[in-house]
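J.: The following file, structure.txt, comprises compact mmCIF, C-alpha atoms:
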```txt
# COMPACT_ATOMS: atom_id res chain seq x y z
CA MET A 288 -23.79 -5.99 -17.55
CA GLU A 289 -21.89 -2.91 -16.33
CA SER A 290 -21.16 -4.57 -12.97
CA TYR A 291 -20.05 -7.75 -14.73
CA LEU A 292 -17.64 -5.87 -17.02
CA LEU A 293 -16.31 -3.79 -14.14
CA ASP A 294 -15.66 -6.97 -12.19
CA TRP A 295 -13.68 -8.41 -15.09
CA ALA A 296 -11.73 -5.16 -15.45
CA ASN A 297 -11.06 -5.23 -11.71
CA LEU A 298 -9.81 -8.83 -11.84
CA LEU A 299 -7.52 -8.35 -14.85
CA LEU A 300 -6.12 -5.05 -13.60
CA ARG A 301 -5.53 -6.51 -10.14
CA TRP A 302 -3.74 -9.49 -11.69
CA THR A 303 -1.55 -7.22 -13.79
CA HIS A 304 -0.91 -4.94 -10.84
CA VAL A 305 0.21 -7.77 -8.55
CA ILE A 306 2.46 -9.33 -11.22
CA THR A 307 4.24 -6.05 -12.03
CA ALA A 308 4.45 -5.08 -8.35
CA ILE A 309 6.20 -8.37 -7.59
CA ALA A 310 8.68 -7.64 -10.39
CA TRP A 311 9.28 -4.07 -9.18
CA VAL A 312 9.57 -4.85 -5.48
CA GLY A 313 11.68 -7.92 -6.22
CA SER A 314 14.21 -6.01 -8.31
CA SER A 315 14.28 -3.18 -5.75
CA PHE A 316 14.92 -5.58 -2.87
CA TYR A 317 17.58 -7.40 -4.87
CA PHE A 318 19.56 -4.27 -5.65
CA VAL A 319 19.36 -3.07 -2.03
CA PHE A 320 20.71 -6.48 -0.99
CA LEU A 321 23.38 -6.23 -3.69
CA ASP A 322 24.57 -2.80 -2.54
CA SER A 323 24.67 -4.00 1.08
CA SER A 324 26.60 -7.17 0.21
CA LEU A 325 29.29 -5.86 -2.15
CA THR A 326 32.91 -6.28 -1.09
CA PRO A 327 35.98 -4.46 -2.48
CA PRO A 328 37.31 -6.24 -5.57
CA VAL A 329 40.23 -8.57 -5.05
CA ASP A 330 41.57 -8.28 -8.59
CA GLU A 331 43.90 -5.31 -9.05
CA LYS A 332 42.85 -4.80 -12.68
CA MET A 333 39.19 -4.51 -11.64
CA ARG A 334 40.14 -1.78 -9.15
CA ARG A 335 42.04 0.11 -11.85
CA ASP A 336 38.99 -0.15 -14.13
CA GLY A 337 36.86 1.61 -11.51
CA VAL A 338 35.10 -1.35 -9.90
CA THR A 339 34.10 -0.40 -6.36
CA GLY A 340 32.38 -3.59 -5.28
CA GLU A 341 31.73 -7.19 -6.31
CA LEU A 342 29.63 -10.14 -5.23
CA TRP A 343 29.86 -13.84 -5.93
CA ALA A 344 26.56 -15.73 -5.74
CA VAL A 345 25.17 -19.11 -6.70
CA HIS A 346 21.60 -19.59 -7.91
CA GLY A 347 19.73 -22.04 -10.09
CA GLY A 348 22.76 -24.20 -10.76
CA GLY A 349 24.99 -21.34 -11.93
CA PHE A 350 27.49 -18.87 -10.47
CA TYR A 351 27.05 -15.12 -10.83
CA HIS A 352 29.60 -12.36 -10.42
CA PRO A 353 28.01 -8.87 -10.49
CA VAL A 354 30.32 -5.89 -10.11
CA LYS A 355 29.53 -2.22 -9.45
CA TYR A 356 31.06 0.92 -10.95
CA ASN A 357 30.21 3.86 -8.70
CA VAL A 358 30.60 6.47 -11.42
CA SER A 359 31.15 4.90 -14.83
CA PRO A 360 32.56 1.74 -16.45
CA PRO A 361 35.52 1.92 -18.84
CA ARG A 362 33.09 1.43 -21.74
CA LEU A 363 29.41 0.94 -22.19
CA PRO A 364 28.22 -2.55 -23.18
CA ASP A 365 26.17 -3.08 -26.33
CA HIS A 366 23.18 -4.23 -24.29
CA LEU A 367 22.34 -2.24 -21.16
CA HIS A 368 19.28 -3.31 -19.17
CA TRP A 369 17.12 -0.55 -17.70
CA PHE A 370 14.82 -1.10 -14.71
CA TYR A 371 11.84 1.20 -15.09
CA TRP A 372 8.95 -0.52 -16.82
CA GLU A 373 8.28 -2.55 -13.68
CA SER A 374 7.68 0.73 -11.84
CA TYR A 375 5.64 2.42 -14.56
CA THR A 376 3.44 -0.60 -15.23
CA THR A 377 2.79 -1.11 -11.51
CA TRP A 378 1.66 2.49 -11.12
CA LEU A 379 -0.41 2.58 -14.31
CA SER A 380 -2.22 -0.66 -13.49
CA GLY A 381 -2.69 0.45 -9.88
CA PHE A 382 -4.15 3.80 -10.90
CA ALA A 383 -6.46 2.11 -13.39
CA LEU A 384 -7.58 -0.24 -10.63
CA LEU A 385 -8.18 2.73 -8.32
CA ALA A 386 -10.23 4.43 -11.03
CA VAL A 387 -12.35 1.35 -11.78
CA SER A 388 -12.90 0.37 -8.15
CA TYR A 389 -13.09 3.65 -6.25
CA LEU A 390 -13.22 6.73 -8.46
CA TRP A 391 -15.88 5.24 -10.73
CA ASN A 392 -18.07 4.55 -7.68
CA ALA A 393 -17.02 7.54 -5.59
CA GLY A 394 -20.47 7.93 -4.08
CA ILE A 395 -20.18 4.44 -2.59
CA TYR A 396 -16.51 4.14 -1.70
CA LEU A 397 -15.22 7.70 -1.14
CA VAL A 398 -18.21 9.29 0.57
CA SER A 399 -19.70 8.16 3.86
CA PRO A 400 -23.51 8.56 3.77
CA SER A 401 -23.56 8.82 7.57
CA ASN A 402 -21.15 11.77 7.39
CA PRO A 403 -21.12 13.23 3.84
CA ILE A 404 -18.32 15.78 4.10
CA MET A 405 -17.96 15.99 0.31
CA SER A 406 -19.94 15.29 -2.81
CA PRO A 407 -18.75 12.36 -4.98
CA ALA A 408 -17.13 14.76 -7.49
CA MET A 409 -15.32 16.62 -4.71
CA ALA A 410 -14.19 13.31 -3.22
CA VAL A 411 -12.62 12.30 -6.54
CA VAL A 412 -10.75 15.62 -6.72
CA ALA A 413 -9.61 15.25 -3.11
CA ALA A 414 -8.40 11.68 -3.73
CA LEU A 415 -6.35 12.73 -6.75
CA ALA A 416 -5.02 15.73 -4.81
CA PHE A 417 -3.67 13.37 -2.15
CA LEU A 418 -1.49 11.70 -4.77
CA ALA A 419 -0.26 14.93 -6.36
CA VAL A 420 0.19 17.15 -3.30
CA PHE A 421 2.12 14.54 -1.33
CA TRP A 422 4.53 14.05 -4.22
CA LEU A 423 5.09 17.81 -4.60
CA ALA A 424 5.66 18.28 -0.86
CA TYR A 425 7.92 15.22 -0.59
CA ASP A 426 9.92 16.26 -3.68
CA ALA A 427 10.36 19.78 -2.28
CA ILE A 428 11.70 18.34 0.99
CA CYS A 429 14.24 16.24 -0.91
CA ARG A 430 15.30 19.17 -3.13
CA ILE A 431 15.76 21.60 -0.23
CA TRP A 432 17.34 19.37 2.43
CA GLY A 433 18.46 16.26 0.57
CA GLN A 434 21.94 17.46 -0.38
CA LYS A 435 22.80 19.23 2.87
CA GLU A 436 24.95 17.89 5.70
CA HIS A 437 22.91 15.38 7.71
CA GLY A 438 20.32 15.81 4.99
CA ASP A 439 19.17 12.20 5.02
CA ALA A 440 18.13 12.39 8.68
CA THR A 441 16.35 15.71 8.14
CA VAL A 442 14.53 14.42 5.08
CA GLY A 443 13.51 11.24 6.92
CA ALA A 444 12.08 13.21 9.86
CA LEU A 445 10.18 15.64 7.63
CA VAL A 446 8.77 12.88 5.45
CA LEU A 447 7.59 11.04 8.58
CA VAL A 448 5.75 14.20 9.70
CA LEU A 449 4.28 14.60 6.22
CA VAL A 450 3.01 11.00 6.20
CA CYS A 451 1.44 11.46 9.65
CA ILE A 452 -0.40 14.59 8.51
CA ALA A 453 -1.61 12.83 5.35
CA ALA A 454 -2.83 9.80 7.34
CA TYR A 455 -4.78 12.01 9.74
CA LEU A 456 -6.42 13.96 6.92
CA ALA A 457 -7.22 10.87 4.84
CA CYS A 458 -8.90 9.07 7.75
CA HIS A 459 -10.99 12.13 8.57
CA LEU A 460 -12.04 12.91 4.99
CA PHE A 461 -12.71 9.45 3.58
CA PRO A 462 -14.24 6.18 4.82
CA GLY A 463 -11.63 4.00 6.50
CA GLN A 464 -11.09 1.54 3.67
CA ALA A 465 -10.65 4.30 1.09
CA ALA A 466 -8.35 6.23 3.44
CA PHE A 467 -6.00 3.27 3.90
CA LEU A 468 -5.97 2.53 0.17
CA LEU A 469 -5.30 6.17 -0.74
CA MET A 470 -2.36 6.29 1.67
CA GLY A 471 -0.85 3.29 -0.07
CA ALA A 472 -1.53 4.83 -3.49
CA MET A 473 -0.03 8.12 -2.33
CA LEU A 474 3.27 6.54 -1.28
CA ALA A 475 3.33 4.33 -4.38
CA THR A 476 2.86 7.42 -6.56
CA ALA A 477 5.88 9.05 -4.91
CA MET A 478 7.89 5.87 -5.48
CA SER A 479 7.07 5.71 -9.17
CA ALA A 480 7.58 9.47 -9.57
CA ASN A 481 11.05 9.05 -8.05
CA VAL A 482 11.85 6.60 -10.83
CA LEU A 483 10.27 8.76 -13.56
CA PHE A 484 11.63 12.18 -12.58
CA TRP A 485 14.92 11.44 -10.84
CA ILE A 486 16.38 7.95 -11.06
CA ILE A 487 15.97 7.24 -14.77
CA PRO A 488 16.69 10.83 -16.01
CA GLY A 489 19.88 10.84 -13.93
CA GLN A 490 20.95 7.52 -15.39
CA ARG A 491 20.20 8.76 -18.91
CA LYS A 492 22.45 11.79 -18.33
CA VAL A 493 25.25 9.51 -17.17
CA VAL A 494 24.89 7.28 -20.24
CA ALA A 495 24.75 10.31 -22.57
CA ALA A 496 27.95 11.71 -21.02
CA LEU A 497 29.73 8.38 -21.44
CA LYS A 498 28.68 8.09 -25.08
CA ALA A 499 29.88 11.63 -25.73
CA GLY A 500 33.21 10.96 -24.01
CA GLN A 501 32.51 13.62 -21.38
CA PRO A 502 33.22 13.37 -17.64
CA VAL A 503 30.33 12.01 -15.58
CA ASP A 504 28.88 14.17 -12.81
CA PRO A 505 28.57 11.87 -9.75
CA ILE A 506 25.63 13.93 -8.41
CA HIS A 507 23.25 12.01 -10.68
CA GLY A 508 24.20 8.72 -9.06
CA LYS A 509 23.94 10.20 -5.56
CA ARG A 510 20.46 11.62 -6.19
CA GLY A 511 19.25 8.44 -7.82
CA LYS A 512 20.60 6.39 -4.91
CA GLN A 513 18.87 8.65 -2.38
CA ARG A 514 15.47 8.31 -4.06
CA SER A 515 15.97 4.57 -4.49
CA VAL A 516 16.63 4.22 -0.74
CA HIS A 517 13.44 6.17 0.00
CA ASN A 518 11.55 3.79 -2.25
CA THR A 519 12.74 0.74 -0.37
CA TYR A 520 11.50 2.16 2.95
CA PHE A 521 8.12 3.06 1.40
CA THR A 522 7.61 -0.49 0.13
CA LEU A 523 6.40 -2.32 3.26
CA PRO A 524 4.12 0.54 4.37
CA VAL A 525 2.55 0.53 0.88
CA LEU A 526 2.00 -3.23 0.98
CA PHE A 527 0.42 -2.98 4.41
CA ALA A 528 -1.93 -0.18 3.34
CA MET A 529 -3.06 -2.17 0.30
CA LEU A 530 -3.59 -5.44 2.18
CA SER A 531 -5.30 -3.81 5.16
CA THR A 532 -8.35 -2.89 3.10
CA HIS A 533 -9.56 -6.49 3.55
CA TYR A 534 -9.86 -6.11 7.34
CA GLY A 535 -12.77 -3.99 8.47
CA TRP A 536 -11.87 -4.16 12.19
CA LEU A 537 -8.60 -2.41 11.27
CA TYR A 538 -9.69 0.53 9.14
CA ASN A 539 -12.97 1.03 11.04
CA HIS A 540 -11.21 1.56 14.36
CA GLY A 541 -12.01 4.86 16.08
CA GLN A 542 -8.34 5.88 15.88
CA ASN A 543 -7.69 4.35 12.47
CA TRP A 544 -5.29 7.13 11.48
CA LEU A 545 -3.03 6.27 14.42
CA VAL A 546 -3.27 2.55 13.65
CA LEU A 547 -2.19 3.29 10.08
CA ILE A 548 0.76 5.45 11.15
CA LEU A 549 2.01 2.88 13.66
CA MET A 550 1.75 -0.01 11.22
CA MET A 551 3.56 1.96 8.51
CA PHE A 552 6.28 2.87 11.00
CA ALA A 553 6.61 -0.80 11.97
CA GLY A 554 6.97 -1.72 8.30
CA ALA A 555 9.72 0.86 7.76
CA ALA A 556 11.59 -0.32 10.88
CA ILE A 557 11.42 -3.96 9.78
CA ARG A 558 12.63 -2.96 6.31
CA GLN A 559 15.57 -1.19 7.95
CA PHE A 560 16.47 -4.45 9.66
CA PHE A 561 16.65 -6.27 6.32
CA VAL A 562 18.61 -3.44 4.72
CA MET A 563 21.25 -3.41 7.46
CA ARG A 564 21.65 -7.13 8.15
CA HIS A 565 23.75 -7.81 5.03
CA GLY A 566 26.15 -4.95 5.79
CA PHE A 567 26.33 -6.08 9.42
CA LYS A 568 27.60 -9.49 8.33
CA LEU A 569 30.44 -7.72 6.52
CA GLY A 570 31.22 -5.50 9.51
CA ARG A 571 29.99 -2.28 7.88
CA ASN A 572 26.73 -1.66 9.77
CA PRO A 573 25.79 -1.68 13.46
CA HIS A 574 23.65 -4.53 14.70
CA PRO A 575 20.29 -4.49 12.88
CA TRP A 576 18.23 -6.31 15.51
CA PRO A 577 17.18 -3.14 17.39
CA TYR A 578 15.21 -2.09 14.28
CA ALA A 579 13.49 -5.44 14.08
CA ALA A 580 12.75 -5.26 17.81
CA VAL A 581 11.18 -1.81 17.41
CA GLY A 582 9.06 -2.96 14.48
CA ILE A 583 7.91 -6.12 16.24
CA ALA A 584 7.20 -4.19 19.46
CA VAL A 585 4.99 -1.75 17.57
CA LEU A 586 3.18 -4.62 15.86
CA LEU A 587 2.54 -6.36 19.19
CA GLY A 588 1.42 -3.08 20.74
CA VAL A 589 -1.12 -2.48 18.00
CA LEU A 590 -2.24 -6.12 18.24
CA ALA A 591 -2.91 -5.75 21.96
CA TRP A 592 -4.59 -2.38 21.45
CA LEU A 593 -6.97 -3.67 18.79
CA LYS A 594 -7.74 -6.96 20.54
CA PRO A 595 -11.54 -7.15 20.89
CA ALA A 596 -13.09 -7.67 24.29
CA PRO A 597 -14.45 -11.19 24.92
CA GLN A 598 -17.96 -11.51 23.57
CA PRO A 599 -20.62 -12.72 26.00
CA ALA A 600 -23.05 -15.43 24.98
CA LEU A 601 -25.62 -14.17 22.52
CA ALA A 602 -28.58 -12.60 24.15
CA ALA A 603 -31.28 -10.44 22.69
CA SER A 604 -30.51 -6.74 23.14
CA GLY A 605 -33.64 -4.63 23.13
CA GLU A 606 -36.78 -5.40 21.20
CA PRO A 607 -36.61 -8.19 18.60
CA VAL A 608 -36.28 -7.05 15.00
CA GLY A 609 -38.29 -8.53 12.17
CA TYR A 610 -37.35 -9.10 8.53
CA ALA A 611 -39.29 -6.06 7.37
CA GLN A 612 -37.00 -3.79 9.40
CA ILE A 613 -33.84 -4.95 7.63
CA HIS A 614 -35.37 -5.56 4.19
CA ASP A 615 -35.10 -1.94 3.02
CA LEU A 616 -31.53 -1.68 4.29
CA MET A 617 -30.56 -4.79 2.35
CA GLN A 618 -32.26 -3.49 -0.78
CA GLN A 619 -30.26 -0.27 -0.51
CA HIS A 620 -26.86 -1.59 0.52
CA CYS A 621 -26.61 -5.32 -0.25
CA LEU A 622 -28.35 -6.14 -3.51
CA VAL A 623 -25.96 -4.06 -5.61
CA CYS A 624 -23.44 -6.89 -5.13
CA HIS A 625 -25.62 -9.81 -4.03
CA SER A 626 -28.46 -10.21 -6.48
CA GLN A 627 -29.23 -12.37 -9.47
CA ALA A 628 -30.19 -9.22 -11.38
CA THR A 629 -26.76 -7.63 -10.84
CA ILE A 630 -23.91 -9.88 -9.71
CA GLN A 631 -23.57 -12.57 -7.06
CA GLN A 632 -20.34 -11.78 -5.26
CA LYS A 633 -18.90 -15.04 -3.85
CA GLY A 634 -22.06 -16.81 -5.01
CA VAL A 635 -24.20 -15.04 -2.40
CA LYS A 636 -27.56 -13.51 -3.31
CA PHE A 637 -30.34 -11.99 -1.24
CA ASP A 638 -33.21 -11.93 -3.72
CA THR A 639 -35.66 -13.87 -1.54
CA PRO A 640 -36.30 -14.18 2.20
CA GLU A 641 -35.07 -17.78 1.95
CA ASP A 642 -31.76 -16.56 0.48
CA VAL A 643 -31.37 -14.12 3.35
CA LYS A 644 -32.18 -16.79 5.94
CA SER A 645 -29.60 -19.20 4.52
CA HIS A 646 -26.86 -16.58 4.87
CA ALA A 647 -27.98 -15.08 8.19
CA GLN A 648 -24.79 -16.07 10.01
CA GLN A 649 -22.59 -14.58 7.27
CA ILE A 650 -24.62 -11.36 7.36
CA TYR A 651 -24.17 -11.13 11.13
CA GLN A 652 -20.45 -11.83 10.88
CA GLN A 653 -19.73 -9.41 8.03
CA VAL A 654 -22.04 -6.56 9.10
CA VAL A 655 -21.97 -6.74 12.91
CA GLN A 656 -18.81 -8.52 14.06
CA LEU A 657 -16.26 -7.59 11.38
CA ARG A 658 -17.88 -4.38 10.13
CA LYS A 659 -16.76 -5.20 6.57
CA MET A 660 -20.05 -4.63 4.80
CA PRO A 661 -21.25 -2.79 2.79
CA PHE A 662 -18.02 -3.55 0.99
CA GLY A 663 -15.78 -0.56 0.61
CA ASN A 664 -17.82 1.66 2.89
CA PRO A 665 -19.10 0.02 6.09
CA ASP A 666 -19.82 3.49 7.47
CA ALA A 667 -22.77 3.59 5.07
CA LEU A 668 -24.63 1.83 7.89
CA THR A 669 -25.12 3.85 11.06
CA SER A 670 -24.51 2.23 14.43
CA GLU A 671 -28.29 2.10 14.91
CA GLU A 672 -28.70 0.24 11.61
CA VAL A 673 -25.92 -2.20 12.50
CA ASP A 674 -27.73 -2.81 15.79
CA LEU A 675 -30.87 -3.70 13.81
CA PHE A 676 -28.97 -6.50 12.06
CA LYS A 677 -27.55 -7.60 15.40
CA ARG A 678 -30.95 -7.84 17.07
CA TRP A 679 -32.49 -9.48 13.99
CA TYR A 680 -29.88 -12.26 14.05
CA GLU A 681 -29.94 -12.69 17.82
CA GLY A 682 -33.72 -12.96 17.64
CA GLY A 683 -33.47 -16.01 15.39
CA ALA A 684 -33.11 -14.24 12.00
CA PRO A 685 -36.84 -14.33 11.19
CA VAL A 686 -37.92 -13.86 7.55
CA ALA A 687 -41.65 -14.44 7.88
CA PRO A 688 -43.73 -11.28 7.28
```
Give the structure from this file in structure tokens form.
T.:
Amino acid sequence: MESYLLDWANLLLRWTHVITAIAWVGSSFYFVFLDSSLTPPVDEKMRRDGVTGELWAVHGGGFYHPVKYNVSPPRLPDHLHWFYWESYTTWLSGFALLAVSYLWNAGIYLVSPSNPIMSPAMAVVAALAFLAVFWLAYDAICRIWGQKEHGDATVGALVLVLVCIAAYLACHLFPGQAAFLLMGAMLATAMSANVLFWIIPGQRKVVAALKAGQPVDPIHGKRGKQRSVHNTYFTLPVLFAMLSTHYGWLYNHGQNWLVLILMMFAGAAIRQFFVMRHGFKLGRNPHPWPYAAVGIAVLLGVLAWLKPAPQPALAASGEPVGYAQIHDLMQQHCLVCHSQATIQQKGVKFDTPEDVKSHAQQIYQQVVQLRKMPFGNPDALTSEEVDLFKRWYEGGAPVAP
């Protein structure tokens, strides 16, 4: 019953998380596009009122005319929409999903039995520390260098170094799947913290000053804009880290930390292309294609690097393996998710030798070829144990005693 309820919690939280993430990322991408596409207002009265940019757009059968005030509008409207619940709900649902899926089962997902560096409790503390320490270090970098001359370039370089260090540590402390997921959660935490601690508080100070009839300090808008730009470059790396947990050949690679860094860098470069292309059309930005070329080149390089060698025709390697030799391994690692007494993930169960025989090809594919199982922690099986499954399958997948 516990596994059943946890599965339902996982499904509903994942659904909520994806819905709110779409809303957050969508609004973030839209406003980056909007800022890049604004043109100086044509109307003289709009310029006198403080409008610094406008955009005409058509969508859904109607015409839209958003305008931007860099500091403050002449008066505040009665209804002012705030964009923050998309961020908060995405993070809250994501953290709840992390807790239900990984922290709750830290001994399975955060600790590798073949190399138990930490106890489950220590692994939970270390995972949470990744989220908190990265945010504190990143925030300190932005505070110290963010407002200086050429500060954006300095901050970008230092944050890149910080991400590389975090990726290396994560992939050496945790199993590959958990490491990739924690890197995504780490960056997403920084994104949401930017909204919570900088973007929204700065906007509230601006609104409070307008309501009180006081002059508005433009520093709040500049800081909020800076953190918002950081968020847009974090987005594609976060999405990659989250999606990559479904591909065992990726996070189980011997240099998985370098794979992760390169793919995140490719995502940031491709995002830069999309950020710059709108301004390029208006003559404000240099040509954006070099960024796309860099991102695509990195992707192709990683693709070629990870390409598996051609597999020879199946042939028995070593002594044949009987069912008895894999039975205990399956009892320990497989039946927690594939049993009538617990749950039957994807309708697969291994309660009887006949059940195992009917899914022999799937077992070989998931355990030997893709290295995806046991789910969440393939390193739970040593290379010798994986070889047992390989030889069992290549020997005809016998189940007779």
J.: Which residues, written as a tab-separated table (two decimals) with C-alpha atoms, in the frame of the given file, have at least one atom at most 6 Å from region 484-495 of chain A, with all atoms listed in the file counted and residues fewer than 5 positions away on the same chain left out?
T.:
```tsv
chain	number	residue	atom	x	y	z
A	503	VAL	CA	30.33	12.01	-15.58
A	507	HIS	CA	23.25	12.01	-10.68
A	511	GLY	CA	19.25	8.44	-7.82
```
J.: Per residue of region 467-520 of chain A within 10 Å of region 376-393 of chain A, what are the shortest atom pair and its distance in Å to one decimal, counting all atoms listed in the file, with rows by chain and residue number, as a Markdown table?
T.:
```
| residue | atom | partner | partner_atom | distance |
| --- | --- | --- | --- | --- |
| A:Leu468 | CA | A:Leu385 | CA | 8.8 |
| A:Leu469 | CA | A:Leu385 | CA | 8.8 |
| A:Ala472 | CA | A:Gly381 | CA | 7.8 |
| A:Ala475 | CA | A:Trp378 | CA | 7.2 |
| A:Thr476 | CA | A:Trp378 | CA | 6.8 |
| A:Ala477 | CA | A:Trp378 | CA | 10.0 |
| A:Met478 | CA | A:Trp378 | CA | 9.1 |
| A:Ser479 | CA | A:Trp378 | CA | 6.6 |
| A:Ala480 | CA | A:Trp378 | CA | 9.3 |
```
J.: Write out the residues from the selection above, keeping C-alpha atoms, as a compact mmCIF listing (two decimals), in the frame of the given file.
T.:
```txt
# COMPACT_ATOMS: atom_id res chain seq x y z
CA LEU A 468 -5.97 2.53 0.17
CA LEU A 469 -5.30 6.17 -0.74
CA ALA A 472 -1.53 4.83 -3.49
CA ALA A 475 3.33 4.33 -4.38
CA THR A 476 2.86 7.42 -6.56
CA ALA A 477 5.88 9.05 -4.91
CA MET A 478 7.89 5.87 -5.48
CA SER A 479 7.07 5.71 -9.17
CA ALA A 480 7.58 9.47 -9.57
```
J.: Identify, on the basis of all atoms listed in the file, every residue whose closest approach to Val358 (chain A) does not exceed 10 Å; exclude the query and any residue fewer than 4 positions from it along the same chain; express the result as a PyMOL selection string.
T.: chain A and resi 337-339+493+502-509
J.: To one decimal place in Å, what is the distance between CA of Phe676 (chain A) and CA of Ser406 (chain A)?
T.: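 Here the two named atoms are 27.9 Å from each other.
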J.: So what do you get for CA of Leu530 (chain A) versus CA of Glu672 (chain A), distance-wise?
T.: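 These atoms are spaced 27.4 Å apart.
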J.: Please report the interatomic distance between CA of Glu681 (chain A) and CA of Leu668 (chain A) in Å with one decimal.
T.: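 Taking CA of Glu681 (chain A) and CA of Leu668 (chain A), their separation equals 18.4 Å.
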J.: When you count all atoms listed in the file, which of these residues is closest to Lys332 (chain A): A:Asn572, A:Pro361, A:Ala413, A:Gln652?
T.: A:Pro361
J.: Rank A:Ala555, A:Gly582, A:Ser359, A:Ser314 by their smallest atom-to-atom distance to Gln501 (chain A), using all atoms listed in the file, and report the top residue only.
T.: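 When distances to Gln501 (chain A) are compared using all atoms listed in the file, the smallest one comes from A:Ser359.
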J.: Using all atoms of region 359-378 of chain A listed in the file and a margin of 8 Å per side, can you give the axis-aligned box centre and edge lengths in Å to one decimal, as lines of an AutoDock Vina configuration file?
T.:
```
center_x = 18.6
center_y = 0.3
center_z = -18.7
size_x = 49.9
size_y = 25.1
size_z = 31.2
```
J.: Fewer than 5 positions away in the same chain doesn't count, so skip those; otherwise give me all residues within 10 Å of Leu474 (chain A), counting all atoms listed in the file, as a list in words.
T.: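 Here the qualifying residues turn out to be Phe417, Leu418, Phe421, Trp422, Tyr425, Val450, Leu469, Ser479, Ala480, Asn518, Phe521, Thr522, Pro524, Val525 and Ala528 of chain A.
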J.: Produce a table with one row for each residue of region 494-596 of chain A that has an atom at most 8 Å from any atom of region 451-455 of chain A, each row naming the nearest atom pair and its distance in Å at one decimal; use all atoms listed in the file; arrange rows by chain and rising residue number; format as a Markdown table.
T.:
```
| residue | atom | partner | partner_atom | distance |
| --- | --- | --- | --- | --- |
| A:Trp544 | CA | A:Tyr455 | CA | 5.2 |
| A:Leu545 | CA | A:Tyr455 | CA | 7.6 |
| A:Leu547 | CA | A:Ala454 | CA | 7.1 |
| A:Ile548 | CA | A:Cys451 | CA | 6.2 |
```
J.: With all atoms listed in the file as the atoms that count, which of A:Ile431, A:Leu483, A:Leu445, A:Leu675 lies nearest to Phe370 (chain A)?
T.: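 Among A:Ile431, A:Leu483, A:Leu445, A:Leu675, it is A:Leu483 that comes nearest to Phe370 (chain A).
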J.: Would you mind listing what lies within 12 Å of Ala444 (chain A) as a list of chain:residue names, with all atoms listed in the file counted and same-chain residues fewer than 5 positions away left out?
T.: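 Here the qualifying residues turn out to be A:Tyr425, A:Ile428, A:Cys429, A:Trp432, A:Gly433, A:His437, A:Gly438, A:Asp439, A:Leu449, A:Val450, A:Cys451, A:Phe552.
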J.: Check the smallest atom-to-atom distance from each of A:Val448, A:Ala579, A:Met470, A:Val585 to Met529 (chain A) using all atoms listed in the file, then report the winner.
T.: A:Met470
J.: So, with all atoms listed in the file as the atoms that count, which of A:Ile613, A:Tyr396, A:Leu342, A:Val686 lies closest to Ser645 (chain A)?
T.: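 Smallest distance to Ser645 (chain A) is found for A:Val686.
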J.: Could you check the closest approach to Gly394 (chain A) for each of A:Leu523, A:Ala465, A:Gly349, A:Ser515 and tell me which residue wins, using all atoms listed in the file?
T.: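 Of A:Leu523, A:Ala465, A:Gly349, A:Ser515, the one nearest Gly394 (chain A) is A:Ala465, counting all atoms listed in the file.
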